[in-house]
Every structure is written in C-alpha cells, then in structure tokens.
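Source file query_9.txt; content: compact mmCIF, C-alpha atoms and all ligand atoms.
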```txt
# COMPACT_ATOMS: atom_id res chain seq x y z
CA MET A 1 91.08 84.94 100.53
CA PRO A 2 89.68 86.31 103.83
CA LYS A 3 92.09 88.43 105.79
CA GLN A 4 93.03 87.80 109.39
CA LYS A 5 93.87 90.29 112.08
CA PHE A 6 97.58 91.12 112.12
CA PRO A 7 99.35 91.78 115.45
CA LEU A 8 99.91 95.52 115.88
CA ALA A 9 103.29 94.91 117.53
CA ASP A 10 104.54 93.22 114.35
CA VAL A 11 103.45 95.91 111.90
CA TYR A 12 107.01 97.29 111.72
CA GLN A 13 108.09 94.02 110.10
CA LEU A 14 105.90 94.77 107.08
CA LEU A 15 107.38 98.19 106.37
CA GLY A 16 111.01 98.01 107.41
CA SER A 17 112.13 97.08 103.93
CA GLY A 18 115.23 99.26 103.45
CA PRO A 19 118.65 97.65 103.74
CA THR A 20 119.94 96.99 107.23
CA VAL A 21 122.89 99.30 107.74
CA LEU A 22 125.86 99.59 110.06
CA ILE A 23 126.15 102.92 111.87
CA SER A 24 129.80 103.66 112.67
CA THR A 25 130.85 106.32 115.15
CA SER A 26 133.90 107.74 116.84
CA LEU A 27 134.25 109.18 120.33
CA LYS A 28 137.61 110.42 121.57
CA GLY A 29 139.38 108.32 118.93
CA LYS A 30 137.51 105.08 119.83
CA TYR A 31 135.32 103.55 117.15
CA ASN A 32 131.99 101.77 117.48
CA VAL A 33 129.57 100.10 115.08
CA MET A 34 125.90 99.08 115.41
CA PRO A 35 123.31 97.74 112.95
CA ILE A 36 120.00 99.50 112.46
CA ALA A 37 117.09 98.57 110.25
CA TRP A 38 114.99 101.67 110.73
CA THR A 39 116.11 104.33 108.26
CA THR A 40 114.24 106.30 105.62
CA PRO A 41 115.22 108.88 103.00
CA LEU A 42 113.46 112.24 103.45
CA ASP A 43 114.87 114.33 100.58
CA PHE A 44 116.90 114.01 97.37
CA LYS A 45 119.33 116.92 97.17
CA PRO A 46 120.87 117.43 99.55
CA PRO A 47 120.21 113.85 100.64
CA ILE A 48 118.44 113.88 104.01
CA ILE A 49 117.86 110.66 105.94
CA ALA A 50 116.05 109.81 109.17
CA CYS A 51 117.60 107.15 111.42
CA CYS A 52 115.99 105.67 114.52
CA ILE A 53 118.78 104.87 116.97
CA GLY A 54 117.45 103.46 120.25
CA ASP A 55 118.36 105.32 123.44
CA HIS A 56 119.46 102.03 125.02
CA SER A 57 122.47 102.00 122.73
CA TYR A 58 125.96 103.38 123.18
CA THR A 59 125.69 104.70 119.63
CA PHE A 60 122.80 106.93 120.72
CA GLN A 61 124.98 108.47 123.44
CA ILE A 62 127.89 108.98 121.05
CA VAL A 63 125.82 110.55 118.28
CA LYS A 64 124.05 112.88 120.69
CA ARG A 65 127.49 114.23 121.55
CA THR A 66 129.33 114.11 118.23
CA LYS A 67 126.38 114.83 115.87
CA GLU A 68 127.86 112.65 113.12
CA PHE A 69 128.13 109.05 111.93
CA VAL A 70 128.61 106.92 108.83
CA ILE A 71 125.81 104.82 107.34
CA ASN A 72 127.49 101.72 105.88
CA ILE A 73 125.50 99.32 103.71
CA PRO A 74 126.57 95.67 104.05
CA THR A 75 125.80 92.76 101.75
CA ALA A 76 124.76 89.20 102.59
CA ASN A 77 128.33 87.94 103.13
CA LEU A 78 128.43 90.11 106.28
CA VAL A 79 125.11 89.00 107.80
CA LYS A 80 126.66 87.11 110.73
CA LYS A 81 128.87 90.08 111.61
CA VAL A 82 125.87 92.41 111.37
CA VAL A 83 123.86 90.31 113.81
CA GLY A 84 126.93 90.00 116.04
CA CYS A 85 127.36 93.78 116.14
CA GLY A 86 123.71 94.05 117.19
CA SER A 87 124.10 91.57 120.02
CA VAL A 88 126.73 93.35 122.13
CA SER A 89 127.33 96.93 123.11
CA GLY A 90 130.39 98.98 122.29
CA ARG A 91 130.37 100.02 125.94
CA LYS A 92 131.94 96.60 126.67
CA VAL A 93 133.50 95.42 123.44
CA ASP A 94 135.61 96.80 120.59
CA LYS A 95 133.31 95.51 117.86
CA PHE A 96 135.63 96.39 114.99
CA LYS A 97 138.18 94.04 116.55
CA LYS A 98 135.76 91.32 117.69
CA PHE A 99 133.99 91.06 114.31
CA LYS A 100 137.08 91.70 112.17
CA LEU A 101 135.76 94.86 110.52
CA THR A 102 138.17 97.46 109.15
CA PRO A 103 137.80 101.17 109.98
CA GLU A 104 138.92 103.58 107.27
CA PRO A 105 139.17 107.37 107.53
CA ALA A 106 136.20 109.33 106.26
CA SER A 107 136.70 112.52 104.24
CA LYS A 108 134.54 115.01 106.13
CA ILE A 109 133.86 113.59 109.59
CA LYS A 110 135.73 111.78 112.37
CA ALA A 111 133.56 108.63 112.36
CA PRO A 112 135.17 105.83 110.31
CA LEU A 113 133.95 104.09 107.15
CA VAL A 114 133.51 100.31 107.41
CA LYS A 115 135.73 99.03 104.59
CA GLU A 116 133.87 95.74 104.10
CA CYS A 117 130.58 97.51 103.26
CA TYR A 118 129.96 98.34 99.60
CA VAL A 119 128.48 101.78 100.39
CA ASN A 120 129.54 104.40 102.97
CA LEU A 121 127.58 107.59 103.60
CA GLU A 122 129.19 110.26 105.77
CA CYS A 123 126.42 111.99 107.71
CA LYS A 124 125.98 115.04 109.94
CA VAL A 125 122.97 115.56 112.22
CA ILE A 126 121.02 118.61 111.03
CA ASP A 127 117.89 118.39 113.21
CA SER A 128 117.82 117.20 116.82
CA SER A 129 114.21 118.10 117.58
CA LEU A 130 112.89 114.51 117.45
CA ILE A 131 115.73 112.78 119.26
CA ASN A 132 114.21 112.91 122.73
CA LYS A 133 110.71 112.03 121.58
CA TYR A 134 111.36 109.29 118.96
CA ASN A 135 115.12 108.59 119.04
CA LEU A 136 115.07 110.00 115.54
CA PHE A 137 118.20 111.59 114.09
CA ILE A 138 117.73 113.64 110.92
CA VAL A 139 121.00 113.73 109.01
CA LYS A 140 122.46 115.19 105.84
CA VAL A 141 124.79 113.04 103.76
CA VAL A 142 127.92 115.13 103.22
CA ALA A 143 129.95 112.54 101.28
CA ALA A 144 128.97 109.24 99.65
CA TRP A 145 131.15 106.33 98.48
CA MET A 146 130.26 103.21 96.52
CA GLU A 147 132.27 100.21 95.40
CA ARG A 148 131.73 100.02 91.66
CA GLY A 149 131.26 96.77 89.82
CA ILE A 150 128.67 95.19 92.11
CA LYS A 151 125.76 94.97 89.68
CA HIS A 152 123.10 93.56 91.97
CA PRO A 153 124.21 94.08 95.58
CA ARG A 154 122.76 91.38 97.84
CA THR A 155 121.60 93.73 100.56
CA ILE A 156 119.95 92.35 103.69
CA HIS A 157 116.53 93.60 104.77
CA HIS A 158 115.66 92.88 108.37
CA ILE A 159 112.41 91.17 109.33
CA THR A 160 113.00 90.37 112.99
CA GLY A 161 115.59 88.53 115.11
CA LYS A 162 118.04 86.82 112.75
CA ARG A 163 115.62 86.81 109.79
CA PHE A 164 116.25 88.91 106.68
CA ILE A 165 114.94 89.27 103.14
CA LEU A 166 117.69 89.12 100.55
CA GLY A 167 117.88 92.00 98.05
CA GLY A 168 119.62 91.97 94.71
CA ARG A 169 116.96 91.16 92.13
CA GLU A 170 115.64 94.00 90.04
CA ILE A 171 112.42 94.11 88.07
CA SER A 172 111.00 96.74 85.73
CA ALA A 173 107.35 97.61 85.32
C1 LIG A 201 119.57 93.29 112.25
C2 LIG A 201 119.45 94.25 113.41
C3 LIG A 201 118.75 95.43 113.26
C4 LIG A 201 118.65 96.37 114.31
N1 LIG A 201 117.96 97.52 114.10
C5 LIG A 201 117.94 98.46 115.08
C6 LIG A 201 117.32 99.72 114.85
O1 LIG A 201 116.75 100.01 113.78
N2 LIG A 201 117.35 100.64 115.85
C7 LIG A 201 117.95 100.35 117.06
O2 LIG A 201 117.96 101.21 117.96
N3 LIG A 201 118.57 99.16 117.31
C8 LIG A 201 118.57 98.22 116.34
N4 LIG A 201 119.20 97.02 116.57
C9 LIG A 201 119.81 96.75 117.88
C10 LIG A 201 121.21 97.36 118.07
O3 LIG A 201 122.03 97.10 116.95
C11 LIG A 201 121.86 96.80 119.35
O4 LIG A 201 121.13 97.23 120.47
C12 LIG A 201 123.36 97.13 119.47
O5 LIG A 201 123.97 96.15 120.27
C13 LIG A 201 123.65 98.51 120.07
O6 LIG A 201 125.05 98.69 120.04
P1 LIG A 201 125.85 99.84 120.83
O7 LIG A 201 125.39 99.80 122.29
O8 LIG A 201 127.29 99.46 120.67
O9 LIG A 201 125.51 101.13 120.17
C14 LIG A 201 119.28 96.08 115.55
C15 LIG A 201 119.99 94.88 115.71
C16 LIG A 201 120.07 93.97 114.65
C17 LIG A 201 120.84 92.69 114.83
```

Before anything else, please render the file you have as structure tokens.
Ligand SMILES: Cc1cc2nc3c(=O)[nH]c(=O)nc-3n(C[C@H](O)[C@H](O)[C@H](O)COP(=O)(O)O)c2cc1C
Amino acid sequence: MPKQKFPLADVYQLLGSGPTVLISTSLKGKYNVMPIAWTTPLDFKPPIIACCIGDHSYTFQIVKRTKEFVINIPTANLVKKVVGCGSVSGRKVDKFKKFKLTPEPASKIKAPLVKECYVNLECKVIDSSLINKYNLFIVKVVAAWMERGIKHPRTIHHITGKRFILGGREISA
C-alpha cells in the first residue's frame, strides 16, 4: 500500500501512547489537578520520569514553586472527569470539588493522591534544567501505590481532543 504524507503537526498523536495521567498538586494547602498525556519513563531504579507540563497551566506555576506532584493513573470510568479537568484551570475552579474527586494524603509530599485513580506515584522534581526550554520536569518517584486486584486496568491513552485508545488487553510474543 503506498504511503501518504502525514501532517507534521499530528506526529505527536502517533507516539503519545502512555496512559493519560492526572497530575495533582498542592499550594498553600489548596489542591489542584490536571491531565497530561505527555510523560515518559527515563530510568528504572530509582524510577525517573519526564513530564511535559505546559507553561500556560496553573500546575506549571505550582510545580515550579513546590517541586513536587503526584502522578495518578485513571481508568476508563473516569474519562469524562479527566477531560473536564483538562478544560478548566485551577486558577478559577476547585477541580477536586467540581469533578467529585477525592484528595488523600500522600506519604512523602504535600501534594494529594487522587483516591479514584488505581495508581498514585509521589514525585519530586530532581532536574529543572529543561523546564524553561521544553516545559519538561524530570522527577523521581519517591513512593508508589497501586490498587491490587485490577487484572487488566482499562487505562486511557490520549489521541487528541476527546479521543482516546483504550488499554487493558495484553498480548505475549
Ligand atoms: C486528555 C488531555 C491530555 C492533556 N495533556 C496535556 C499535556 O500532556 N501537557 C499539557 O501541558 N497539557 C495537557 N492538557 C491540557 C491541560 O490539562 C489543561 O490546560 C488544564 O486545564 C490545565 O489545568 P491547570 O491550569 O489547572 O493546571 C491535556 C488535556 C487533556 C484533556
């Protein structure tokens, strides 16, 4: 089958295959939460992750100051809340309240866990050198939590807009 040119501006849609996550933060005791699709693991042990958090966002401002956040991994039942949290800014709205999400205390940082998500990763920023250039926060996971008993979590993998690929099926080679 002959190939056709693919729009350069849409290339990100082909590679952004990790689960969409909710980044939760705390500033002066006030919580915020924002979805991001652009994350990638960089190392195994300790677990190092890169997260691209746009400088338009309130989350960007908060993390620049606090140097910590939680990466929460939602499943498909939360997809509407995830999109909702990405449609308004925490500068104007208490998103935990508006989208009926439950903050829970983390063990090592002040940012809260999102109870409804099946995984919570407490993270601390360890390298700020790419923040100004690429909005890229390099973090170390300092504590990790997972709800046991979910065999094939139906994670949501963002394409664009409100479109996602559903995870959950596993194959072996
Ligand atoms: C599914 C989805 C994925 C998103 N991925 C990203 C992302 O990877 N990086 C980013 O900066 N913003 C991303 N956004 C946009 C932010 O979530 C959005 O701007 C949010 O309202 C910012 O919230 P805040 O101002 O409260 O921090 C995404 C939004 C949605 C709905």

Q. So which residues fall inside 7 Å of (122.8, 91.8, 109.8) if we count all atoms listed in the file? Mind giving them as a PyMOL selection string?
A. chain A and resi 20+35+78-83+156

Close residues to ligand LIG 201 (chain A) using all atoms listed in the file, limit 7 Å, as a PDB file with C-alpha atoms, in the frame of the given file:
```pdb
ATOM      1  CA  THR A  20     119.940  96.990 107.230  1.00  0.00           C
ATOM      2  CA  ASN A  32     131.990 101.770 117.480  1.00  0.00           C
ATOM      3  CA  VAL A  33     129.570 100.100 115.080  1.00  0.00           C
ATOM      4  CA  MET A  34     125.900  99.080 115.410  1.00  0.00           C
ATOM      5  CA  PRO A  35     123.310  97.740 112.950  1.00  0.00           C
ATOM      6  CA  ILE A  36     120.000  99.500 112.460  1.00  0.00           C
ATOM      7  CA  ALA A  37     117.090  98.570 110.250  1.00  0.00           C
ATOM      8  CA  TRP A  38     114.990 101.670 110.730  1.00  0.00           C
ATOM      9  CA  CYS A  52     115.990 105.670 114.520  1.00  0.00           C
ATOM     10  CA  ILE A  53     118.780 104.870 116.970  1.00  0.00           C
ATOM     11  CA  GLY A  54     117.450 103.460 120.250  1.00  0.00           C
ATOM     12  CA  ASP A  55     118.360 105.320 123.440  1.00  0.00           C
ATOM     13  CA  HIS A  56     119.460 102.030 125.020  1.00  0.00           C
ATOM     14  CA  SER A  57     122.470 102.000 122.730  1.00  0.00           C
ATOM     15  CA  TYR A  58     125.960 103.380 123.180  1.00  0.00           C
ATOM     16  CA  THR A  59     125.690 104.700 119.630  1.00  0.00           C
ATOM     17  CA  PHE A  60     122.800 106.930 120.720  1.00  0.00           C
ATOM     18  CA  VAL A  82     125.870  92.410 111.370  1.00  0.00           C
ATOM     19  CA  VAL A  83     123.860  90.310 113.810  1.00  0.00           C
ATOM     20  CA  GLY A  84     126.930  90.000 116.040  1.00  0.00           C
ATOM     21  CA  CYS A  85     127.360  93.780 116.140  1.00  0.00           C
ATOM     22  CA  GLY A  86     123.710  94.050 117.190  1.00  0.00           C
ATOM     23  CA  SER A  87     124.100  91.570 120.020  1.00  0.00           C
ATOM     24  CA  VAL A  88     126.730  93.350 122.130  1.00  0.00           C
ATOM     25  CA  SER A  89     127.330  96.930 123.110  1.00  0.00           C
ATOM     26  CA  GLY A  90     130.390  98.980 122.290  1.00  0.00           C
ATOM     27  CA  ARG A  91     130.370 100.020 125.940  1.00  0.00           C
ATOM     28  CA  HIS A 158     115.660  92.880 108.370  1.00  0.00           C
ATOM     29  CA  GLY A 161     115.590  88.530 115.110  1.00  0.00           C
ATOM     30  CA  LYS A 162     118.040  86.820 112.750  1.00  0.00           C
TER      31      LYS A 162
END
```

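The smallest atom-to-atom distance between Leu166 in chain A and any of A:Val70, A:Ile126, A:Ala76, A:Leu27, using only C-alpha atoms, is found for A:Ala76.
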
Q. Closest to His157 in chain A among A:Ala111, A:Val21, A:Ile48, A:Ala173, using only C-alpha atoms?
A.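 Nearest to His157 in chain A: A:Val21.
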
Q.
Between CA of His152 in chain A and CA of Val119 in chain A, what distance in Å does the model show, to one decimal?
A.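 Distance between the two atoms: 12.9 Å.
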
Q) How far is it from CA of Leu136 in chain A to CA of Cys123 in chain A, in Å with one decimal? A)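 These atoms are spaced 13.9 Å apart.
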
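The closest residue to Thr75 in chain A, picked from A:Pro7, A:Gly149, A:Pro2, A:Pro19 and counting all atoms listed in the file, is A:Pro19.
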
Q. Mind pulling up the distance from CA of Ile159 in chain A to CA of Gly16 in chain A?
A.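 Between these atoms lies a distance of 7.2 Å.
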
Q. Nearest to Val141 in chain A: which of A:Tyr118, A:Phe96, A:Phe44, A:Phe164 is it, counting only C-alpha atoms?
A.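 The answer is A:Phe44, which sits nearest to Val141 in chain A.
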
Q) Pick from A:Lys140, A:Arg154, A:Arg163, A:Arg148: nearest to Ala50 in chain A, with only C-alpha atoms counted? A)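 Distance minimum relative to Ala50 in chain A lands on A:Lys140.
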
**Q.** Pick from A:Asn132, A:Glu147, A:Leu22, A:Glu116, whichever lies nearest to Asn77 in chain A using all atoms listed in the file
**A.**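 With all atoms listed in the file as the atom set, the closest residue is A:Glu116.
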
Q: Pick out the residues sitting within 10 Å of Lys97 in chain A, and hand them over as a PyMOL selection string; count all atoms listed in the file, and ignore anything fewer than 4 positions along from it in its own chain.
A: chain A and resi 31-32+93+101-103

**Q.** Contact residues around Glu68 in chain A with all atoms listed in the file at 10 Å, ignoring same-chain residues under 2 positions, as JSON, numbers by chain
**A.** {"A": [23, 24, 25, 26, 62, 63, 64, 65, 66, 70, 71, 108, 109, 110, 111, 122, 123, 124, 125, 126, 137, 139, 140, 141]}

Around all the atoms of range 150-166 of chain A listed in the file, draw an axis-aligned box and extend it by 3 Å on each of the six sides; I want its centre and edge lengths in Å to one decimal, as lines of an AutoDock Vina configuration file.
```
center_x = 120.5
center_y = 91.0
center_z = 102.4
size_x = 22.3
size_y = 14.4
size_z = 31.4
```
